[in-house]
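K.L.:
Take a look at this one; I'll ask things after.
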Amino acid sequence: MYSFHVASCVFVQVVAAPDRLGRSTQNMLAFAEGLRSWRANLRVLNLGGGDADTHTPMDSMVFTVMAALAQMEMEIARERITGSVATRRGAGKDLGRRRRTFTGSPIRNGLRLIVTGEPATQVACDLEMSRATLYRRIRELPPFAA
């Protein structure tokens, strides 16, 4: 989304698609109305195969319809994702990368190596984690283990 001033000093807001303006039709229409109250125009590129400028009544109507369609498209995608997650959970399948579980032993050994002068970056690399994760896991160790 970008803005620019036209030679006639009219403010124009340009966006690639209406779904970039908000999450619901009401959001998008409120934004367009707010611009109109400032006497600014909204120009949407890629709107149903062409451009639309909310300055004209016809393009304003097309923008309203396309905003409703964009919201419907987002809601359909959300339903698909929710359904897929529920199906995978029901089947006991993996939903993505999970936090790798470590017993305290490798973390304690890593801490001992760091205390003896081994670089933390190397220890983290050997344990196949980032240095920040290593430090976080060390902080999570019970007090007696440190």
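Here's how to read the names in the structure tokens: chain A, B, ... by the order shown, residue numbers from 1 in each chain, ligand numbers from 1 in the order shown.
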For the interface of region 64-129 of chain A with region 137-144 of chain A (cut-off 8 Å, counting only C-alpha atoms), please tabulate each contacting residue of region 64-129 of chain A alongside its nearest pair of atoms and their separation in Å to one decimal, rows sorted by chain and increasing number, as CSV.
P.N.:
```
residue,atom,partner,partner_atom,distance
A:Gly104,CA,A:Leu141,CA,6.8
A:Ile107,CA,A:Ile138,CA,6.3
A:Arg108,CA,A:Ile138,CA,7.4
A:Leu111,CA,A:Ile138,CA,7.0
```
K.L.:
As JSON, numbers by chain, please: the residues near Arg112 (chain A) (cut-off 12 Å, only C-alpha atoms, same-chain neighbours under 5 positions excluded).
P.N.:
{"A": [105, 106, 107, 117, 118, 119, 120, 123, 138, 145, 146]}
K.L.:
Go ahead and compute the interatomic distance for CA of Phe31 (chain A) and CA of Arg78 (chain A), in Å to one decimal.
P.N.:
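Going from CA of Phe31 (chain A) over to CA of Arg78 (chain A) covers 23.0 Å.
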K.L.:
Report the residues of region 10-145 of chain A whose backbone DSSP state falls under strand (DSSP E), written as a list in words.
P.N.:
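Secondary structure check on region 10-145 of chain A, strand (DSSP E): Phe11, Val12, Gln13, Val14, Val15, Asn41, Leu42, Arg43, Val44, Leu45, Asn46, Leu47, Gly50, Asp51, Ala52 and Asp53 of chain A.
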K.L.:
To one decimal place in Å, what is the distance between CA of Val14 (chain A) and CA of Leu45 (chain A)?
P.N.:
7.3 Å
K.L.:
Between CA of Gly90 (chain A) and CA of Glu73 (chain A), what is the distance in Å, rounded to a tenth?
P.N.:
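So the two atoms, CA of Gly90 (chain A) and CA of Glu73 (chain A), lie 25.7 Å apart.
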K.L.:
For each of A:Thr54, A:Ser130, A:Val115, A:Ala91, take the minimum atom-to-atom distance to Arg39 (chain A), counting only C-alpha atoms, then give the residue where this is smallest.
P.N.:
A:Thr54
K.L.:
For a quick check of understanding, using only C-alpha atoms, which of A:Arg136, A:Arg36, A:Arg23, A:His55 has the smallest distance to Ala124 (chain A)?
P.N.:
A:Arg136
K.L.:
To test your reading of the structure, identify every residue in region 22-137 of chain A that backbone DSSP assigns to helix (DSSP H, G or I), and report it as a ChimeraX atom specification.
P.N.:
/A:25-37,57-90,104-115,120-126,131-137
